[in-house]
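Quick look at entry.cif (mmCIF, N, CA, C and O atoms):
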```cif
data_input
#
loop_
_atom_site.label_atom_id
_atom_site.label_comp_id
_atom_site.auth_asym_id
_atom_site.auth_seq_id
_atom_site.Cartn_x
_atom_site.Cartn_y
_atom_site.Cartn_z
N MET A 1500 31.38 -30.86 8.48
CA MET A 1500 31.44 -31.18 7.07
C MET A 1500 30.09 -31.71 6.56
O MET A 1500 29.66 -31.36 5.50
N ARG A 1501 29.48 -32.57 7.37
CA ARG A 1501 28.20 -33.15 6.96
C ARG A 1501 27.14 -32.05 6.84
O ARG A 1501 26.31 -32.08 5.92
N ASP A 1502 27.16 -31.06 7.74
CA ASP A 1502 26.21 -29.95 7.66
C ASP A 1502 26.41 -29.16 6.38
O ASP A 1502 25.45 -28.74 5.74
N ARG A 1503 27.63 -28.92 6.02
CA ARG A 1503 27.94 -28.16 4.82
C ARG A 1503 27.42 -28.86 3.56
O ARG A 1503 26.93 -28.22 2.64
N MET A 1504 27.48 -30.16 3.54
CA MET A 1504 27.00 -30.93 2.38
C MET A 1504 25.47 -30.86 2.28
O MET A 1504 24.92 -30.96 1.19
N ALA A 1505 24.78 -30.67 3.41
CA ALA A 1505 23.32 -30.61 3.40
C ALA A 1505 22.79 -29.26 2.94
O ALA A 1505 21.61 -29.13 2.60
N LEU A 1506 23.62 -28.24 2.92
CA LEU A 1506 23.18 -26.91 2.50
C LEU A 1506 22.87 -26.89 1.02
O LEU A 1506 23.55 -27.50 0.21
N ARG A 1507 21.84 -26.14 0.67
CA ARG A 1507 21.44 -25.98 -0.74
C ARG A 1507 21.79 -24.57 -1.18
O ARG A 1507 21.94 -23.67 -0.36
N PRO A 1508 21.87 -24.34 -2.50
CA PRO A 1508 22.14 -22.97 -2.96
C PRO A 1508 20.99 -22.04 -2.59
O PRO A 1508 19.84 -22.47 -2.45
N LEU A 1509 21.30 -20.77 -2.43
CA LEU A 1509 20.28 -19.78 -2.15
C LEU A 1509 19.32 -19.65 -3.33
O LEU A 1509 19.73 -19.80 -4.49
N PRO A 1510 18.06 -19.35 -3.07
CA PRO A 1510 17.10 -19.17 -4.18
C PRO A 1510 17.50 -17.97 -5.04
O PRO A 1510 18.12 -17.03 -4.57
N LYS A 1511 17.11 -18.00 -6.31
CA LYS A 1511 17.43 -16.91 -7.24
C LYS A 1511 16.70 -15.62 -6.89
O LYS A 1511 17.21 -14.54 -7.07
N THR A 1512 15.47 -15.74 -6.39
CA THR A 1512 14.73 -14.54 -5.99
C THR A 1512 14.81 -14.40 -4.47
O THR A 1512 14.58 -15.36 -3.74
N PRO A 1513 15.14 -13.20 -4.00
CA PRO A 1513 15.28 -13.02 -2.56
C PRO A 1513 13.93 -13.11 -1.85
O PRO A 1513 12.88 -12.82 -2.42
N TYR A 1514 13.97 -13.52 -0.62
CA TYR A 1514 12.77 -13.60 0.21
C TYR A 1514 12.41 -12.19 0.66
O TYR A 1514 13.21 -11.50 1.26
N ALA A 1515 11.21 -11.77 0.34
CA ALA A 1515 10.77 -10.41 0.71
C ALA A 1515 10.18 -10.42 2.12
O ALA A 1515 9.21 -11.13 2.38
N VAL A 1516 10.78 -9.66 2.98
CA VAL A 1516 10.29 -9.51 4.34
C VAL A 1516 9.36 -8.31 4.38
O VAL A 1516 9.73 -7.23 3.92
N ALA A 1517 8.16 -8.50 4.89
CA ALA A 1517 7.18 -7.41 4.92
C ALA A 1517 6.47 -7.39 6.27
O ALA A 1517 6.14 -8.44 6.83
N GLN A 1518 6.24 -6.18 6.75
CA GLN A 1518 5.37 -6.00 7.91
C GLN A 1518 3.94 -6.01 7.39
O GLN A 1518 3.67 -5.52 6.29
N ARG A 1519 3.03 -6.52 8.19
CA ARG A 1519 1.62 -6.54 7.79
C ARG A 1519 0.79 -5.91 8.90
O ARG A 1519 0.92 -6.29 10.06
N HIS A 1520 -0.05 -4.95 8.50
CA HIS A 1520 -0.88 -4.22 9.46
C HIS A 1520 -2.26 -3.99 8.87
O HIS A 1520 -2.40 -3.83 7.66
N LEU A 1521 -3.26 -3.92 9.73
CA LEU A 1521 -4.62 -3.56 9.31
C LEU A 1521 -4.86 -2.11 9.67
O LEU A 1521 -4.53 -1.67 10.78
N ARG A 1522 -5.45 -1.36 8.73
CA ARG A 1522 -5.77 0.05 8.95
C ARG A 1522 -7.12 0.36 8.31
O ARG A 1522 -7.50 -0.24 7.32
N HIS A 1523 -7.81 1.36 8.87
CA HIS A 1523 -9.04 1.86 8.26
C HIS A 1523 -8.69 2.98 7.29
O HIS A 1523 -7.81 3.79 7.56
N VAL A 1524 -9.42 3.03 6.18
CA VAL A 1524 -9.25 4.11 5.21
C VAL A 1524 -10.10 5.28 5.66
O VAL A 1524 -11.27 5.11 6.02
N GLY A 1525 -9.53 6.48 5.63
CA GLY A 1525 -10.26 7.68 6.04
C GLY A 1525 -11.22 8.16 4.97
O GLY A 1525 -11.22 7.68 3.84
N LYS A 1526 -12.05 9.14 5.33
CA LYS A 1526 -12.98 9.75 4.37
C LYS A 1526 -12.24 10.35 3.19
O LYS A 1526 -12.79 10.47 2.10
N ASP A 1527 -11.00 10.75 3.41
CA ASP A 1527 -10.18 11.35 2.37
C ASP A 1527 -9.50 10.32 1.48
O ASP A 1527 -8.68 10.65 0.64
N ARG A 1528 -9.84 9.04 1.65
CA ARG A 1528 -9.29 7.92 0.88
C ARG A 1528 -7.81 7.71 1.13
O ARG A 1528 -7.07 7.28 0.26
N LEU A 1529 -7.36 8.02 2.36
CA LEU A 1529 -5.97 7.83 2.76
C LEU A 1529 -5.91 6.85 3.92
O LEU A 1529 -6.76 6.87 4.80
N ALA A 1530 -4.90 5.99 3.89
CA ALA A 1530 -4.65 5.05 4.98
C ALA A 1530 -3.34 5.45 5.65
O ALA A 1530 -2.35 5.74 4.97
N ALA A 1531 -3.34 5.46 6.96
CA ALA A 1531 -2.15 5.87 7.72
C ALA A 1531 -1.30 4.65 8.05
O ALA A 1531 -1.82 3.61 8.46
N PHE A 1532 0.01 4.83 7.86
CA PHE A 1532 0.97 3.80 8.27
C PHE A 1532 2.30 4.47 8.58
O PHE A 1532 2.79 5.27 7.79
N ASP A 1533 2.86 4.16 9.72
CA ASP A 1533 4.19 4.63 10.13
C ASP A 1533 4.28 6.16 10.04
O ASP A 1533 5.25 6.70 9.52
N ALA A 1534 3.24 6.84 10.51
CA ALA A 1534 3.16 8.31 10.56
C ALA A 1534 3.15 8.96 9.18
O ALA A 1534 3.50 10.12 9.02
N ASN A 1535 2.73 8.22 8.16
CA ASN A 1535 2.58 8.74 6.80
C ASN A 1535 1.22 8.32 6.26
O ASN A 1535 0.58 7.42 6.81
N LEU A 1536 0.77 8.96 5.19
CA LEU A 1536 -0.52 8.66 4.58
C LEU A 1536 -0.33 8.15 3.16
O LEU A 1536 0.51 8.69 2.42
N TYR A 1537 -1.14 7.16 2.77
CA TYR A 1537 -1.05 6.55 1.45
C TYR A 1537 -2.45 6.52 0.82
O TYR A 1537 -3.41 6.10 1.47
N SER A 1538 -2.55 6.92 -0.44
CA SER A 1538 -3.85 6.96 -1.10
C SER A 1538 -4.28 5.57 -1.55
O SER A 1538 -3.47 4.71 -1.87
N VAL A 1539 -5.60 5.40 -1.55
CA VAL A 1539 -6.24 4.17 -2.00
C VAL A 1539 -7.26 4.57 -3.06
O VAL A 1539 -7.94 5.59 -2.91
N PRO A 1540 -7.40 3.81 -4.15
CA PRO A 1540 -8.36 4.19 -5.21
C PRO A 1540 -9.79 4.32 -4.67
O PRO A 1540 -10.33 3.36 -4.13
N ALA A 1541 -10.38 5.48 -4.85
CA ALA A 1541 -11.73 5.76 -4.34
C ALA A 1541 -12.77 4.81 -4.92
O ALA A 1541 -13.70 4.41 -4.23
N ARG A 1542 -12.59 4.42 -6.17
CA ARG A 1542 -13.59 3.56 -6.82
C ARG A 1542 -13.55 2.12 -6.29
O ARG A 1542 -14.45 1.34 -6.55
N MET A 1543 -12.49 1.77 -5.53
CA MET A 1543 -12.33 0.39 -5.08
C MET A 1543 -12.64 0.18 -3.59
O MET A 1543 -12.69 -0.95 -3.14
N ILE A 1544 -12.84 1.26 -2.86
CA ILE A 1544 -13.07 1.13 -1.41
C ILE A 1544 -14.12 2.13 -0.96
O ILE A 1544 -14.53 3.00 -1.71
N ARG A 1545 -14.51 2.01 0.28
CA ARG A 1545 -15.43 2.97 0.88
C ARG A 1545 -14.75 3.53 2.14
O ARG A 1545 -13.86 2.87 2.71
N PRO A 1546 -15.13 4.71 2.60
CA PRO A 1546 -14.54 5.26 3.82
C PRO A 1546 -14.71 4.30 5.00
O PRO A 1546 -15.73 3.63 5.11
N ARG A 1547 -13.73 4.27 5.84
CA ARG A 1547 -13.66 3.42 7.04
C ARG A 1547 -13.50 1.94 6.72
O ARG A 1547 -13.54 1.10 7.61
N GLN A 1548 -13.30 1.59 5.44
CA GLN A 1548 -13.07 0.19 5.10
C GLN A 1548 -11.72 -0.24 5.66
O GLN A 1548 -10.76 0.51 5.67
N LEU A 1549 -11.65 -1.46 6.12
CA LEU A 1549 -10.42 -2.02 6.65
C LEU A 1549 -9.56 -2.53 5.50
O LEU A 1549 -10.07 -3.23 4.62
N VAL A 1550 -8.29 -2.14 5.46
CA VAL A 1550 -7.35 -2.62 4.45
C VAL A 1550 -6.13 -3.20 5.15
O VAL A 1550 -5.82 -2.85 6.28
N GLU A 1551 -5.47 -4.09 4.44
CA GLU A 1551 -4.21 -4.64 4.94
C GLU A 1551 -3.07 -3.91 4.25
O GLU A 1551 -3.06 -3.76 3.03
N ILE A 1552 -2.13 -3.44 5.04
CA ILE A 1552 -0.94 -2.79 4.50
C ILE A 1552 0.22 -3.76 4.65
O ILE A 1552 0.45 -4.29 5.75
N ARG A 1553 0.92 -3.98 3.55
CA ARG A 1553 2.13 -4.81 3.56
C ARG A 1553 3.29 -3.87 3.23
O ARG A 1553 3.34 -3.29 2.15
N ALA A 1554 4.18 -3.74 4.18
CA ALA A 1554 5.27 -2.76 4.05
C ALA A 1554 6.63 -3.45 3.98
O ALA A 1554 6.97 -4.22 4.87
N THR A 1555 7.35 -3.19 2.91
CA THR A 1555 8.74 -3.61 2.81
C THR A 1555 9.60 -2.37 3.03
O THR A 1555 9.08 -1.28 3.27
N LYS A 1556 10.87 -2.51 2.90
CA LYS A 1556 11.78 -1.39 3.13
C LYS A 1556 11.52 -0.25 2.14
O LYS A 1556 11.66 0.92 2.48
N PHE A 1557 11.10 -0.59 0.91
CA PHE A 1557 10.98 0.44 -0.12
C PHE A 1557 9.57 0.67 -0.66
O PHE A 1557 9.34 1.61 -1.40
N GLN A 1558 8.60 -0.20 -0.34
CA GLN A 1558 7.26 0.01 -0.89
C GLN A 1558 6.18 -0.43 0.08
O GLN A 1558 6.39 -1.19 1.00
N ILE A 1559 4.99 0.13 -0.19
CA ILE A 1559 3.78 -0.17 0.57
C ILE A 1559 2.77 -0.72 -0.43
O ILE A 1559 2.54 -0.13 -1.48
N SER A 1560 2.17 -1.85 -0.11
CA SER A 1560 1.06 -2.33 -0.93
C SER A 1560 -0.17 -2.39 -0.04
O SER A 1560 -0.11 -2.77 1.12
N LEU A 1561 -1.28 -1.94 -0.61
CA LEU A 1561 -2.55 -1.88 0.11
C LEU A 1561 -3.47 -2.93 -0.48
O LEU A 1561 -3.64 -2.99 -1.70
N HIS A 1562 -4.07 -3.74 0.40
CA HIS A 1562 -4.90 -4.86 -0.04
C HIS A 1562 -6.25 -4.79 0.67
O HIS A 1562 -6.32 -4.50 1.86
N SER A 1563 -7.29 -5.11 -0.08
CA SER A 1563 -8.62 -5.24 0.52
C SER A 1563 -8.64 -6.49 1.38
O SER A 1563 -7.93 -7.46 1.10
N THR A 1564 -9.43 -6.49 2.43
CA THR A 1564 -9.57 -7.68 3.25
C THR A 1564 -10.59 -8.64 2.66
O THR A 1564 -10.70 -9.78 3.12
N VAL A 1565 -11.30 -8.19 1.62
CA VAL A 1565 -12.28 -9.02 0.93
C VAL A 1565 -12.01 -8.90 -0.57
O VAL A 1565 -11.87 -7.80 -1.10
N ALA A 1566 -11.94 -10.03 -1.25
CA ALA A 1566 -11.68 -10.03 -2.70
C ALA A 1566 -12.86 -9.44 -3.46
O ALA A 1566 -14.02 -9.58 -3.04
N ASP A 1567 -12.57 -8.79 -4.59
CA ASP A 1567 -13.64 -8.26 -5.44
C ASP A 1567 -14.22 -9.41 -6.29
O ASP A 1567 -13.84 -10.56 -6.12
N ALA A 1568 -15.10 -9.08 -7.21
CA ALA A 1568 -15.78 -10.09 -8.03
C ALA A 1568 -14.81 -10.95 -8.84
O ALA A 1568 -15.08 -12.11 -9.12
N SER A 1569 -13.65 -10.37 -9.21
CA SER A 1569 -12.67 -11.12 -9.99
C SER A 1569 -11.62 -11.82 -9.12
O SER A 1569 -10.68 -12.40 -9.63
N GLY A 1570 -11.79 -11.73 -7.79
CA GLY A 1570 -10.86 -12.39 -6.89
C GLY A 1570 -9.66 -11.56 -6.49
O GLY A 1570 -8.79 -12.02 -5.77
N GLN A 1571 -9.62 -10.31 -6.94
CA GLN A 1571 -8.49 -9.42 -6.65
C GLN A 1571 -8.59 -8.83 -5.25
O GLN A 1571 -9.67 -8.48 -4.80
N LYS A 1572 -7.46 -8.67 -4.59
CA LYS A 1572 -7.39 -7.99 -3.31
C LYS A 1572 -6.45 -6.78 -3.35
O LYS A 1572 -6.57 -5.88 -2.54
N LEU A 1573 -5.51 -6.76 -4.30
CA LEU A 1573 -4.53 -5.67 -4.37
C LEU A 1573 -5.22 -4.38 -4.81
O LEU A 1573 -5.89 -4.34 -5.84
N LEU A 1574 -5.06 -3.33 -4.02
CA LEU A 1574 -5.66 -2.03 -4.33
C LEU A 1574 -4.65 -1.06 -4.93
O LEU A 1574 -4.96 -0.34 -5.86
N ALA A 1575 -3.45 -1.03 -4.36
CA ALA A 1575 -2.45 -0.07 -4.83
C ALA A 1575 -1.06 -0.46 -4.31
O ALA A 1575 -0.95 -1.10 -3.28
N VAL A 1576 -0.05 -0.05 -5.06
CA VAL A 1576 1.34 -0.20 -4.64
C VAL A 1576 1.95 1.19 -4.72
O VAL A 1576 1.85 1.86 -5.74
N ARG A 1577 2.55 1.63 -3.64
CA ARG A 1577 3.12 2.97 -3.55
C ARG A 1577 4.55 2.88 -3.03
O ARG A 1577 4.87 1.96 -2.27
N PRO A 1578 5.41 3.83 -3.38
CA PRO A 1578 6.74 3.85 -2.76
C PRO A 1578 6.60 4.19 -1.28
O PRO A 1578 5.71 4.94 -0.89
N ARG A 1579 7.44 3.62 -0.46
CA ARG A 1579 7.38 3.91 0.98
C ARG A 1579 7.96 5.29 1.25
O ARG A 1579 9.03 5.64 0.75
N ALA A 1580 7.25 6.08 2.02
CA ALA A 1580 7.70 7.43 2.35
C ALA A 1580 8.93 7.37 3.25
O ALA A 1580 9.05 6.47 4.08
N VAL A 1581 9.79 8.34 3.06
CA VAL A 1581 10.97 8.48 3.91
C VAL A 1581 10.63 9.51 4.98
O VAL A 1581 10.12 10.58 4.67
N GLY A 1582 10.89 9.20 6.22
CA GLY A 1582 10.58 10.13 7.30
C GLY A 1582 9.16 9.98 7.78
O GLY A 1582 8.53 8.94 7.61
N ARG A 1583 8.65 11.06 8.37
CA ARG A 1583 7.31 11.05 8.96
C ARG A 1583 6.54 12.27 8.48
O ARG A 1583 7.10 13.29 8.16
N GLY A 1584 5.22 12.13 8.42
CA GLY A 1584 4.36 13.25 8.05
C GLY A 1584 4.17 13.44 6.55
O GLY A 1584 3.63 14.44 6.12
N ALA A 1585 4.59 12.47 5.75
CA ALA A 1585 4.46 12.59 4.29
C ALA A 1585 3.11 12.02 3.83
O ALA A 1585 2.52 11.18 4.50
N SER A 1586 2.66 12.49 2.68
CA SER A 1586 1.48 11.93 2.02
C SER A 1586 1.91 11.43 0.66
O SER A 1586 2.41 12.20 -0.15
N VAL A 1587 1.72 10.14 0.42
CA VAL A 1587 2.05 9.54 -0.87
C VAL A 1587 0.71 9.34 -1.58
O VAL A 1587 -0.02 8.41 -1.29
N VAL A 1588 0.41 10.27 -2.49
CA VAL A 1588 -0.92 10.34 -3.09
C VAL A 1588 -0.84 10.22 -4.60
O VAL A 1588 -0.05 10.91 -5.25
N ASP A 1589 -1.67 9.37 -5.15
CA ASP A 1589 -1.89 9.29 -6.59
C ASP A 1589 -3.20 10.02 -6.82
O ASP A 1589 -4.26 9.58 -6.35
N GLU A 1590 -3.15 11.15 -7.51
CA GLU A 1590 -4.36 11.99 -7.71
C GLU A 1590 -5.50 11.20 -8.35
O GLU A 1590 -6.66 11.50 -8.10
N THR A 1591 -5.19 10.19 -9.17
CA THR A 1591 -6.26 9.41 -9.79
C THR A 1591 -7.01 8.57 -8.76
O THR A 1591 -8.12 8.13 -9.02
N HIS A 1592 -6.42 8.34 -7.59
CA HIS A 1592 -7.09 7.57 -6.54
C HIS A 1592 -8.21 8.34 -5.87
O HIS A 1592 -9.09 7.75 -5.26
N LEU A 1593 -8.18 9.65 -5.96
CA LEU A 1593 -9.11 10.46 -5.19
C LEU A 1593 -10.48 10.62 -5.84
O LEU A 1593 -11.36 11.25 -5.28
N GLY A 1594 -10.65 10.07 -7.04
CA GLY A 1594 -11.96 10.05 -7.66
C GLY A 1594 -12.36 11.32 -8.37
O GLY A 1594 -13.50 11.50 -8.72
N ARG A 1595 -11.41 12.22 -8.58
CA ARG A 1595 -11.72 13.43 -9.33
C ARG A 1595 -10.61 13.63 -10.36
O ARG A 1595 -9.45 13.73 -10.02
N PRO A 1596 -10.97 13.68 -11.62
CA PRO A 1596 -9.97 13.86 -12.67
C PRO A 1596 -9.20 15.16 -12.49
O PRO A 1596 -9.78 16.18 -12.13
N ALA A 1597 -7.91 15.13 -12.73
CA ALA A 1597 -7.06 16.31 -12.54
C ALA A 1597 -7.51 17.48 -13.41
O ALA A 1597 -7.47 18.63 -12.99
N HIS A 1598 -7.99 17.22 -14.63
CA HIS A 1598 -8.38 18.31 -15.53
C HIS A 1598 -9.68 18.99 -15.12
O HIS A 1598 -10.01 20.04 -15.63
N ARG A 1599 -10.43 18.42 -14.18
CA ARG A 1599 -11.70 19.01 -13.77
C ARG A 1599 -11.62 19.69 -12.42
O ARG A 1599 -12.61 20.21 -11.94
N ARG A 1600 -10.46 19.68 -11.77
CA ARG A 1600 -10.35 20.33 -10.49
C ARG A 1600 -10.45 21.84 -10.66
O ARG A 1600 -9.98 22.40 -11.63
N ARG A 1601 -11.01 22.50 -9.68
CA ARG A 1601 -11.13 23.95 -9.71
C ARG A 1601 -9.77 24.58 -9.39
O ARG A 1601 -9.05 24.09 -8.54
N PRO A 1602 -9.46 25.69 -10.04
CA PRO A 1602 -8.22 26.39 -9.69
C PRO A 1602 -8.34 27.00 -8.29
O PRO A 1602 -9.44 27.32 -7.84
N PRO A 1603 -7.22 27.14 -7.57
CA PRO A 1603 -7.29 27.73 -6.22
C PRO A 1603 -7.72 29.18 -6.28
O PRO A 1603 -7.40 29.90 -7.21
N HIS A 1604 -8.48 29.62 -5.26
CA HIS A 1604 -8.90 31.03 -5.17
C HIS A 1604 -7.77 31.84 -4.59
O HIS A 1604 -7.08 31.41 -3.68
N HIS A 1605 -7.59 33.04 -5.09
CA HIS A 1605 -6.51 33.91 -4.57
C HIS A 1605 -7.08 35.00 -3.72
O HIS A 1605 -8.08 35.50 -3.80
#
```

Could you take the file, read its structure, and then write that structure out as structure tokens?
Amino acid sequence: MRDRMALRPLPKTPYAVAQRHLRHVGKDRLAAFDANLYSVPARMIRPRQLVEIRATKFQISLHSTVADASGQKLLAVRPRAVGRGASVVDETHLGRPAHRRRPPHH
């Protein structure tokens, strides 16, 4: 009974459990995690830069290991891929505007 009286109500916001991993960004501006690839904004990183990946059940957030001039570390938030071998890419991250890409050759 005494233990029950010591319990407090649960917090209104749930505690987010996240895995945290360090990964290098490839030349293609993609970071690998859990057999999937996630894009990182080209203007915010350089190839082979180390980033921290924080993975929850439904999303991946990519963080720089060094803050920028404004103190920011968050680079991108992406939905977590289901399965393996997927690429979760935001075309604006790749540093080339969609309207300027060349059409595929046939």

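Applied to this file, the PyMOL selection byres ((chain A and resi 1559) around 6) selects Arg1553, Ala1554, Thr1555, Phe1557, Gln1558, Ser1560, Leu1561, Ala1575, Val1576, Arg1577, Pro1578 and Arg1579 of chain A.
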
For the file shown, report as a PDB file with N, CA, C and O atoms, in the frame of the given file the outcome of the PyMOL selection byres ((chain A and resi 1524) around 4.5) at residue level.
```pdb
ATOM      1  N   ARG A1522      -5.450  -1.360   8.730  1.00  0.00           N
ATOM      2  CA  ARG A1522      -5.770   0.050   8.950  1.00  0.00           C
ATOM      3  C   ARG A1522      -7.120   0.360   8.310  1.00  0.00           C
ATOM      4  O   ARG A1522      -7.500  -0.240   7.320  1.00  0.00           O
ATOM      5  N   HIS A1523      -7.810   1.360   8.870  1.00  0.00           N
ATOM      6  CA  HIS A1523      -9.040   1.860   8.260  1.00  0.00           C
ATOM      7  C   HIS A1523      -8.690   2.980   7.290  1.00  0.00           C
ATOM      8  O   HIS A1523      -7.810   3.790   7.560  1.00  0.00           O
ATOM      9  N   GLY A1525      -9.530   6.480   5.630  1.00  0.00           N
ATOM     10  CA  GLY A1525     -10.260   7.680   6.040  1.00  0.00           C
ATOM     11  C   GLY A1525     -11.220   8.160   4.970  1.00  0.00           C
ATOM     12  O   GLY A1525     -11.220   7.680   3.840  1.00  0.00           O
ATOM     13  N   LYS A1526     -12.050   9.140   5.330  1.00  0.00           N
ATOM     14  CA  LYS A1526     -12.980   9.750   4.370  1.00  0.00           C
ATOM     15  C   LYS A1526     -12.240  10.350   3.190  1.00  0.00           C
ATOM     16  O   LYS A1526     -12.790  10.470   2.100  1.00  0.00           O
ATOM     17  N   LEU A1529      -7.360   8.020   2.360  1.00  0.00           N
ATOM     18  CA  LEU A1529      -5.970   7.830   2.760  1.00  0.00           C
ATOM     19  C   LEU A1529      -5.910   6.850   3.920  1.00  0.00           C
ATOM     20  O   LEU A1529      -6.760   6.870   4.800  1.00  0.00           O
ATOM     21  N   PRO A1546     -15.130   4.710   2.600  1.00  0.00           N
ATOM     22  CA  PRO A1546     -14.540   5.260   3.820  1.00  0.00           C
ATOM     23  C   PRO A1546     -14.710   4.300   5.000  1.00  0.00           C
ATOM     24  O   PRO A1546     -15.730   3.630   5.110  1.00  0.00           O
ATOM     25  N   ARG A1547     -13.730   4.270   5.840  1.00  0.00           N
ATOM     26  CA  ARG A1547     -13.660   3.420   7.040  1.00  0.00           C
ATOM     27  C   ARG A1547     -13.500   1.940   6.720  1.00  0.00           C
ATOM     28  O   ARG A1547     -13.540   1.100   7.610  1.00  0.00           O
ATOM     29  N   GLN A1548     -13.300   1.590   5.440  1.00  0.00           N
ATOM     30  CA  GLN A1548     -13.070   0.190   5.100  1.00  0.00           C
ATOM     31  C   GLN A1548     -11.720  -0.240   5.660  1.00  0.00           C
ATOM     32  O   GLN A1548     -10.760   0.510   5.670  1.00  0.00           O
TER      33      GLN A1548
END
```

Fill in: Which residue of A:Val1565, A:Ala1580, A:Val1516, A:Val1588 approaches Met1543 (chain A) most closely, using only C-alpha atoms
A:Val1565

Practice prompt. Step by step, work through what the PyMOL selection byres ((chain A and resi 1587) around 5) selects in the shown file, and finish by giving those residues as a PyMOL selection string.
Written response: chain A and resi 1536-1538+1585-1586+1588-1589

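We find atom N of Arg1583 (chain A) and atom C of Lys1556 (chain A) to be spaced 13.2 Å apart.
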
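In this comparison, which uses only C-alpha atoms, the residue of A:Asp1527, A:Ala1515, A:Phe1532, A:Asp1502 approaching Ile1552 (chain A) most closely is A:Phe1532.
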
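Note that atom N of Glu1551 (chain A) and atom N of Ser1563 (chain A) are 5.0 Å apart.
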
Could you pull out the alpha helix (DSSP H) residues of chain A, going by DSSP on the backbone, and write them as a compact mmCIF listing (two decimals) with N, CA, C and O atoms, keeping the file's coordinate frame?
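The result, stored in out11.txt:
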```txt
# COMPACT_ATOMS: atom_id res chain seq x y z
N ARG A 1501 29.48 -32.57 7.37
CA ARG A 1501 28.20 -33.15 6.96
C ARG A 1501 27.14 -32.05 6.84
O ARG A 1501 26.31 -32.08 5.92
N ASP A 1502 27.16 -31.06 7.74
CA ASP A 1502 26.21 -29.95 7.66
C ASP A 1502 26.41 -29.16 6.38
O ASP A 1502 25.45 -28.74 5.74
N ARG A 1503 27.63 -28.92 6.02
CA ARG A 1503 27.94 -28.16 4.82
C ARG A 1503 27.42 -28.86 3.56
O ARG A 1503 26.93 -28.22 2.64
N MET A 1504 27.48 -30.16 3.54
CA MET A 1504 27.00 -30.93 2.38
C MET A 1504 25.47 -30.86 2.28
O MET A 1504 24.92 -30.96 1.19
N ALA A 1505 24.78 -30.67 3.41
CA ALA A 1505 23.32 -30.61 3.40
C ALA A 1505 22.79 -29.26 2.94
O ALA A 1505 21.61 -29.13 2.60
```

Discussion item. Among region 1502-1594 of chain A, which ones does DSSP assign to strand (DSSP E or B) (computed from the backbone)? Answer as a PyMOL selection string.
Written reply: chain A and resi 1518-1524+1529-1532+1535-1538+1549-1554+1558-1563+1573-1578+1586-1587

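Take atom O of Ala1534 (chain A) and atom C of Gly1584 (chain A): the distance between them is 4.2 Å.
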